[in-house]
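Participant: Sharing a structure, written as structure tokens. Questions coming.
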Amino acid sequence: MASNGPAAVVLGLGQNGLATVRALGRAGVSVFGIDEDCTQPTALSRYCERIVCPGFREAGAELLATLEDLGKRLPDRAVLFPSGDMSLMLVSEHRELLGRYFRFRLAGPETIRLVLDKGAFQRFGEAHGLPLPRTVAVHPDLDIEHTATELQFPCIVKPLQPNTAWRRLFRDQKLFECADPPALISTVNRLRGLHPDLLIQELVPGPESRLEFSLTYIDAHGEPLGMFTGRKLRQYPPGFGTSCLAESRWNPEVAELTLDVLRALNYQGYGSVEFKRHPADERLRVIEVTARTWFPHGLATRCGMNLPLIAYRELTGGPVEVPTTFSEGVRWIHEERDVRVAWSAWRSGTLPLGDWWRSYRGPRTYALSAMDDPAPGIALGRTLARRALGGVVGGMRRSFGWATTATAGKDTA
């Protein structure tokens with residue numbers, strides 16, 4: 001049941017946005033969700049009213065106009081929740097205009113740019129003594145042959161921020177791994193023409209279970225109003241992607257280092273920090289800082305640390321209940337992506353069937369499926385069924401030569 005208080009507006013109705021919508025809607029907050037595709041499974045939650053914005057993905061003038069129009073129609077200033085980097089940048093760069101209609105807590109514009117610019121953050125981290133993997137920016141005058149002799153391998157090559165050409169060509173692939181100097185030289189030379197801003201980073205070795213993360217909300221005085229920590233277990237794509245299986249686990253070292261990083265940034269608002277423990281010295285390395293809600297943040301809500309609701313209440317002047325603990329050992333599963341990754345690992349012999357089964361045991365929560373909000377899970381099931389049926393039909397056509405016959409018929413017509 002919707003409350004009489006200010007509404008919330010979630011920018012982006014992917015899985016990340018769905019988790020935010022549910023965290024607020026289940027608490028009685030009226031939620032509007034804005035996206036370009038409001039028919040995708042994750043956009044079908046009963047907890048939000050959907051608004052279609054054709055230019056949402058570009059996060060430009062169309063989204064700004066949609067927000068301004070919505071803000072003028074709402075009776076009170078709503079609380080704004082960006083769920084992606086581009087919408088975050090839009091809000092940050094137009095905070096004076098949007099602040100007339102919406103409430104939000106963000107770090108300063110310089111900090112937001114710093115967090116989104118991996119090269120700038122690398123320089124900032126080195127200057128402030130943060131534990132970062134060694135990173136080299138690829139500039140036009142960089143001698144990649146010489147640089148390759150100075151690095152420890154394996155290395156990864158990634159863009160500061162994937163541009164449209166990168167996303168179109170590589171989809172979910174965020175980076176490339178290079179095992180030796182020749183592979184690095186070849187990869188950098190191939191990608192230089194596609195993306196103007198690349199980084200080379202020494203890889204922190206070890207399995208995905210050595211990736212740990214924090215989620216927190218920092219108030220105007222720099223104090224955390226909640227702290228959640230957990231670890232990744234599997235990612236999509238494997239090795240260098242977003243979580244598809246994660247687990248809640250309290251780690252005071254992660255929490256302490258998170259606050260060190262965010263306080264160095266003079267940070268405010270919702271944020272997450274991802275770390276990986278290096279086997280050489282067992283110390284955590286900072287992998288990434290995210291200045292908005294993070295992909296598996298629904299896990300924190302399931303465990304009793306509802307950070308979007310904490311943010312909403314802090315910004316609207318409501319009572320803020322700050323949890324001191326959360327449920328540990330709960331697993332968050334992205335139904336589609338984790339099955340895809342686990343199936344591939346099982347087929348390659350790296351994930352025994354018993355280990356796959358045991359990874360789903362115990363208390364768990366899902367990215368899309370929920371008893372009180374069934375439409376996203378049902379829509380995902382229908383999508384997967386259509387894909388499976390299409391695969392079967394395609395296989396039968398190839399097996400029986402139907403495609404060849406059809407093509408021959410067209411050629412003779």
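Please note that chains go A, B, ... in the order of the structure tokens, that every chain numbers its residues from 1, and that ligands are numbered from 1 in the order shown.
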Pick out the residues sitting within 8 Å of region 311-318 of chain A, and hand them over as a list in words; count only C-alpha atoms, and ignore anything fewer than 2 positions along from it in its own chain.

Facilitator: Pro6, Ala8, Val79, Arg103, Phe104, Arg105, Tyr217, Asp219, Gly269, Tyr270, Leu307, Pro308, Leu309 and Val320 of chain A

Participant: If you run DSSP on the backbone, which residues of region 137-329 of chain A are strand (DSSP E or B), as a ChimeraX atom specification?

Facilitator: /A:137-138,155-159,176-178,198-202,211-218,224-236,242-248,269-277,284-290

Participant: So, with only C-alpha atoms as the atoms that count, which of A:Gln161, A:Thr350, A:Ser83, A:Thr187 lies closest to Pro207 (chain A)?

Facilitator: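 Among the listed residues, A:Thr350 lies closest to Pro207 (chain A).
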
Participant: Write out as a PDB file with N, CA and C atoms, in the first residue's frame the residues lying within 10 Å of region 287-292 of chain A, counting only C-alpha atoms and excluding same-chain residues fewer than 6 positions away.

Facilitator:
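around.pdb written:
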```
ATOM      1  N   PHE A  81      16.838   7.861  -7.429  1.00  0.00           N
ATOM      2  CA  PHE A  81      17.777   6.751  -7.298  1.00  0.00           C
ATOM      3  C   PHE A  81      18.328   6.359  -8.677  1.00  0.00           C
ATOM      4  N   PRO A  82      19.502   6.851  -9.073  1.00  0.00           N
ATOM      5  CA  PRO A  82      20.127   6.363 -10.309  1.00  0.00           C
ATOM      6  C   PRO A  82      20.581   4.912 -10.109  1.00  0.00           C
ATOM      7  N   SER A  83      20.422   4.093 -11.153  1.00  0.00           N
ATOM      8  CA  SER A  83      20.874   2.703 -11.039  1.00  0.00           C
ATOM      9  C   SER A  83      21.941   2.355 -12.071  1.00  0.00           C
ATOM     10  N   GLY A  84      22.439   3.355 -12.795  1.00  0.00           N
ATOM     11  CA  GLY A  84      23.499   3.129 -13.764  1.00  0.00           C
ATOM     12  C   GLY A  84      24.426   4.324 -13.816  1.00  0.00           C
ATOM     13  N   ASP A  85      25.614   4.130 -14.378  1.00  0.00           N
ATOM     14  CA  ASP A  85      26.606   5.200 -14.392  1.00  0.00           C
ATOM     15  C   ASP A  85      26.165   6.399 -15.213  1.00  0.00           C
ATOM     16  N   SER A  87      23.040   7.476 -15.941  1.00  0.00           N
ATOM     17  CA  SER A  87      21.999   8.251 -15.254  1.00  0.00           C
ATOM     18  C   SER A  87      22.574   8.953 -14.023  1.00  0.00           C
ATOM     19  N   LEU A  88      23.546   8.317 -13.369  1.00  0.00           N
ATOM     20  CA  LEU A  88      24.229   8.964 -12.245  1.00  0.00           C
ATOM     21  C   LEU A  88      24.920  10.240 -12.704  1.00  0.00           C
ATOM     22  N   MET A  89      25.627  10.170 -13.820  1.00  0.00           N
ATOM     23  CA  MET A  89      26.320  11.351 -14.329  1.00  0.00           C
ATOM     24  C   MET A  89      25.344  12.452 -14.692  1.00  0.00           C
ATOM     25  N   LEU A 106      24.389  13.007  -3.151  1.00  0.00           N
ATOM     26  CA  LEU A 106      25.539  12.600  -3.952  1.00  0.00           C
ATOM     27  C   LEU A 106      26.783  13.302  -3.437  1.00  0.00           C
ATOM     28  N   ALA A 107      27.927  12.668  -3.647  1.00  0.00           N
ATOM     29  CA  ALA A 107      29.184  13.372  -3.436  1.00  0.00           C
ATOM     30  C   ALA A 107      29.271  14.513  -4.443  1.00  0.00           C
ATOM     31  N   THR A 111      33.967  14.468  -7.313  1.00  0.00           N
ATOM     32  CA  THR A 111      34.097  13.099  -6.806  1.00  0.00           C
ATOM     33  C   THR A 111      33.384  12.108  -7.714  1.00  0.00           C
ATOM     34  N   ILE A 112      32.193  12.471  -8.195  1.00  0.00           N
ATOM     35  CA  ILE A 112      31.463  11.581  -9.100  1.00  0.00           C
ATOM     36  C   ILE A 112      32.265  11.356 -10.377  1.00  0.00           C
ATOM     37  N   ARG A 113      32.823  12.426 -10.936  1.00  0.00           N
ATOM     38  CA  ARG A 113      33.645  12.268 -12.142  1.00  0.00           C
ATOM     39  C   ARG A 113      34.866  11.397 -11.848  1.00  0.00           C
ATOM     40  N   LEU A 114      35.440  11.585 -10.685  1.00  0.00           N
ATOM     41  CA  LEU A 114      36.626  10.822 -10.293  1.00  0.00           C
ATOM     42  C   LEU A 114      36.322   9.331 -10.210  1.00  0.00           C
ATOM     43  N   VAL A 115      35.194   8.986  -9.606  1.00  0.00           N
ATOM     44  CA  VAL A 115      34.818   7.585  -9.452  1.00  0.00           C
ATOM     45  C   VAL A 115      34.508   6.948 -10.807  1.00  0.00           C
ATOM     46  N   LEU A 116      33.905   7.717 -11.710  1.00  0.00           N
ATOM     47  CA  LEU A 116      33.539   7.180 -13.023  1.00  0.00           C
ATOM     48  C   LEU A 116      34.723   7.116 -13.981  1.00  0.00           C
ATOM     49  N   LYS A 118      38.188   5.807 -14.422  1.00  0.00           N
ATOM     50  CA  LYS A 118      39.091   4.847 -13.784  1.00  0.00           C
ATOM     51  C   LYS A 118      40.539   5.334 -13.760  1.00  0.00           C
ATOM     52  N   PHE A 121      40.759   7.947 -11.010  1.00  0.00           N
ATOM     53  CA  PHE A 121      40.685   7.297  -9.701  1.00  0.00           C
ATOM     54  C   PHE A 121      41.988   6.581  -9.375  1.00  0.00           C
ATOM     55  N   GLN A 122      42.622   5.999 -10.379  1.00  0.00           N
ATOM     56  CA  GLN A 122      43.905   5.347 -10.159  1.00  0.00           C
ATOM     57  C   GLN A 122      44.932   6.355  -9.627  1.00  0.00           C
ATOM     58  N   PRO A 131      45.292   0.822  -1.519  1.00  0.00           N
ATOM     59  CA  PRO A 131      45.867  -0.410  -2.084  1.00  0.00           C
ATOM     60  C   PRO A 131      45.225  -0.781  -3.417  1.00  0.00           C
ATOM     61  N   LEU A 132      45.831  -0.344  -4.507  1.00  0.00           N
ATOM     62  CA  LEU A 132      45.296  -0.563  -5.849  1.00  0.00           C
ATOM     63  C   LEU A 132      46.238  -1.450  -6.657  1.00  0.00           C
ATOM     64  N   PRO A 133      45.701  -2.258  -7.578  1.00  0.00           N
ATOM     65  CA  PRO A 133      46.576  -2.957  -8.524  1.00  0.00           C
ATOM     66  C   PRO A 133      47.285  -1.941  -9.416  1.00  0.00           C
ATOM     67  N   LEU A 203      46.617  -7.999 -13.090  1.00  0.00           N
ATOM     68  CA  LEU A 203      45.507  -8.792 -12.573  1.00  0.00           C
ATOM     69  C   LEU A 203      45.812  -9.295 -11.171  1.00  0.00           C
ATOM     70  N   VAL A 204      44.840  -9.169 -10.283  1.00  0.00           N
ATOM     71  CA  VAL A 204      44.947  -9.788  -8.966  1.00  0.00           C
ATOM     72  C   VAL A 204      44.501 -11.239  -9.124  1.00  0.00           C
ATOM     73  N   LEU A 211      36.812 -12.285  -4.239  1.00  0.00           N
ATOM     74  CA  LEU A 211      36.249 -10.955  -4.450  1.00  0.00           C
ATOM     75  C   LEU A 211      35.260 -10.650  -3.331  1.00  0.00           C
ATOM     76  N   GLU A 212      35.484  -9.571  -2.637  1.00  0.00           N
ATOM     77  CA  GLU A 212      34.605  -9.160  -1.544  1.00  0.00           C
ATOM     78  C   GLU A 212      34.109  -7.748  -1.811  1.00  0.00           C
ATOM     79  N   PHE A 213      32.964  -7.412  -1.234  1.00  0.00           N
ATOM     80  CA  PHE A 213      32.378  -6.107  -1.530  1.00  0.00           C
ATOM     81  C   PHE A 213      31.664  -5.549  -0.310  1.00  0.00           C
ATOM     82  N   SER A 214      31.417  -4.262  -0.375  1.00  0.00           N
ATOM     83  CA  SER A 214      30.660  -3.568   0.664  1.00  0.00           C
ATOM     84  C   SER A 214      29.577  -2.730   0.017  1.00  0.00           C
ATOM     85  N   LEU A 215      28.508  -2.508   0.745  1.00  0.00           N
ATOM     86  CA  LEU A 215      27.439  -1.596   0.346  1.00  0.00           C
ATOM     87  C   LEU A 215      27.145  -0.714   1.553  1.00  0.00           C
ATOM     88  N   THR A 216      27.027   0.587   1.331  1.00  0.00           N
ATOM     89  CA  THR A 216      26.792   1.473   2.457  1.00  0.00           C
ATOM     90  C   THR A 216      26.059   2.733   1.997  1.00  0.00           C
ATOM     91  N   TYR A 217      25.539   3.467   2.959  1.00  0.00           N
ATOM     92  CA  TYR A 217      24.948   4.773   2.696  1.00  0.00           C
ATOM     93  C   TYR A 217      25.569   5.748   3.681  1.00  0.00           C
ATOM     94  N   THR A 258      36.605   0.115   3.427  1.00  0.00           N
ATOM     95  CA  THR A 258      35.586   0.856   2.672  1.00  0.00           C
ATOM     96  C   THR A 258      35.476   2.286   3.164  1.00  0.00           C
ATOM     97  N   VAL A 261      38.426   4.410   2.154  1.00  0.00           N
ATOM     98  CA  VAL A 261      38.353   4.820   0.747  1.00  0.00           C
ATOM     99  C   VAL A 261      37.336   5.943   0.569  1.00  0.00           C
ATOM    100  N   LEU A 262      36.141   5.767   1.115  1.00  0.00           N
ATOM    101  CA  LEU A 262      35.077   6.748   0.902  1.00  0.00           C
ATOM    102  C   LEU A 262      35.361   8.064   1.619  1.00  0.00           C
ATOM    103  N   TYR A 267      33.096  11.373   0.572  1.00  0.00           N
ATOM    104  CA  TYR A 267      31.945  10.759  -0.078  1.00  0.00           C
ATOM    105  C   TYR A 267      30.658  10.972   0.705  1.00  0.00           C
ATOM    106  N   GLN A 268      29.546  11.067  -0.043  1.00  0.00           N
ATOM    107  CA  GLN A 268      28.196  11.073   0.525  1.00  0.00           C
ATOM    108  C   GLN A 268      27.303  10.215  -0.359  1.00  0.00           C
ATOM    109  N   GLY A 269      26.249   9.650   0.248  1.00  0.00           N
ATOM    110  CA  GLY A 269      25.253   8.921  -0.511  1.00  0.00           C
ATOM    111  C   GLY A 269      25.504   7.429  -0.550  1.00  0.00           C
ATOM    112  N   TYR A 270      24.799   6.778  -1.477  1.00  0.00           N
ATOM    113  CA  TYR A 270      24.871   5.323  -1.623  1.00  0.00           C
ATOM    114  C   TYR A 270      26.164   4.976  -2.354  1.00  0.00           C
ATOM    115  N   GLY A 271      26.887   3.996  -1.852  1.00  0.00           N
ATOM    116  CA  GLY A 271      28.122   3.618  -2.520  1.00  0.00           C
ATOM    117  C   GLY A 271      28.519   2.188  -2.230  1.00  0.00           C
ATOM    118  N   SER A 272      29.349   1.645  -3.096  1.00  0.00           N
ATOM    119  CA  SER A 272      29.888   0.302  -2.876  1.00  0.00           C
ATOM    120  C   SER A 272      31.354   0.292  -3.277  1.00  0.00           C
ATOM    121  N   VAL A 273      32.116  -0.586  -2.642  1.00  0.00           N
ATOM    122  CA  VAL A 273      33.524  -0.771  -2.980  1.00  0.00           C
ATOM    123  C   VAL A 273      33.759  -2.266  -3.141  1.00  0.00           C
ATOM    124  N   GLU A 274      34.436  -2.629  -4.232  1.00  0.00           N
ATOM    125  CA  GLU A 274      34.768  -4.031  -4.478  1.00  0.00           C
ATOM    126  C   GLU A 274      36.262  -4.239  -4.274  1.00  0.00           C
ATOM    127  N   PHE A 275      36.619  -5.341  -3.640  1.00  0.00           N
ATOM    128  CA  PHE A 275      38.004  -5.663  -3.327  1.00  0.00           C
ATOM    129  C   PHE A 275      38.321  -7.082  -3.814  1.00  0.00           C
ATOM    130  N   LYS A 276      39.620  -7.343  -3.965  1.00  0.00           N
ATOM    131  CA  LYS A 276      40.068  -8.717  -4.162  1.00  0.00           C
ATOM    132  C   LYS A 276      41.318  -8.934  -3.328  1.00  0.00           C
ATOM    133  N   ARG A 277      41.363 -10.073  -2.658  1.00  0.00           N
ATOM    134  CA  ARG A 277      42.481 -10.378  -1.781  1.00  0.00           C
ATOM    135  C   ARG A 277      43.618 -10.994  -2.599  1.00  0.00           C
TER     136      ARG A 277
END
```

Participant: Could you check which of A:Lys72, A:Arg234, A:Arg167, A:Arg26 is closest to Val339 (chain A), using only C-alpha atoms?

Facilitator: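 Closest residue, counting only C-alpha atoms: A:Arg234.
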
Participant: Report the closest atom pair, with its distance in Å rounded to one decimal, for each residue of region 142-259 of chain A that has an atom no farther than 7 Å from region 329-335 of chain A; count only C-alpha atoms, sort by chain and then rising residue number, and write it as CSV.

Facilitator:
```
residue,atom,partner,partner_atom,distance
A:Cys244,CA,A:His334,CA,4.9
A:Leu245,CA,A:Ile333,CA,4.8
A:Ala246,CA,A:Trp332,CA,5.2
A:Glu247,CA,A:Arg331,CA,4.4
A:Ser248,CA,A:Gly329,CA,5.3
A:Arg249,CA,A:Gly329,CA,6.1
```

Participant: Could you write out, as a PyMOL selection string, all the residues of region 136-258 of chain A that DSSP marks as alpha helix (DSSP H)?

Facilitator: chain A and resi 144-148+164-170+181-191+252-258

Participant: Tell me which of A:Ser359, A:Gly55, A:Glu110, A:Gly17 sits closest to Gln40 (chain A), counting only C-alpha atoms.

Facilitator: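 Closest residue, counting only C-alpha atoms: A:Gly17.
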
Participant: One number please: CA of Pro363 (chain A) to CA of Gly12 (chain A), in Å, one decimal.

Facilitator: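 According to the coordinates, CA of Pro363 (chain A) and CA of Gly12 (chain A) are separated by 28.0 Å.
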
Participant: In Å, how far is it from CA of Ala379 (chain A) to CA of Glu36 (chain A)?

Facilitator: 17.5 Å

Participant: Which residue gives the smallest distance to Gly14 (chain A) among A:Ile34, A:Leu175, A:Ala27, A:Leu67, with only C-alpha atoms counted?

Facilitator: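 Checking each of A:Ile34, A:Leu175, A:Ala27, A:Leu67 against Gly14 (chain A), counting only C-alpha atoms, the winner is A:Ile34.
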
Participant: Check the smallest atom-to-atom distance from each of A:Ser186, A:Asn163, A:Asn306, A:Ser327 to Arg22 (chain A) using only C-alpha atoms, then report the winner.

Facilitator: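 Closest candidate: A:Asn306.
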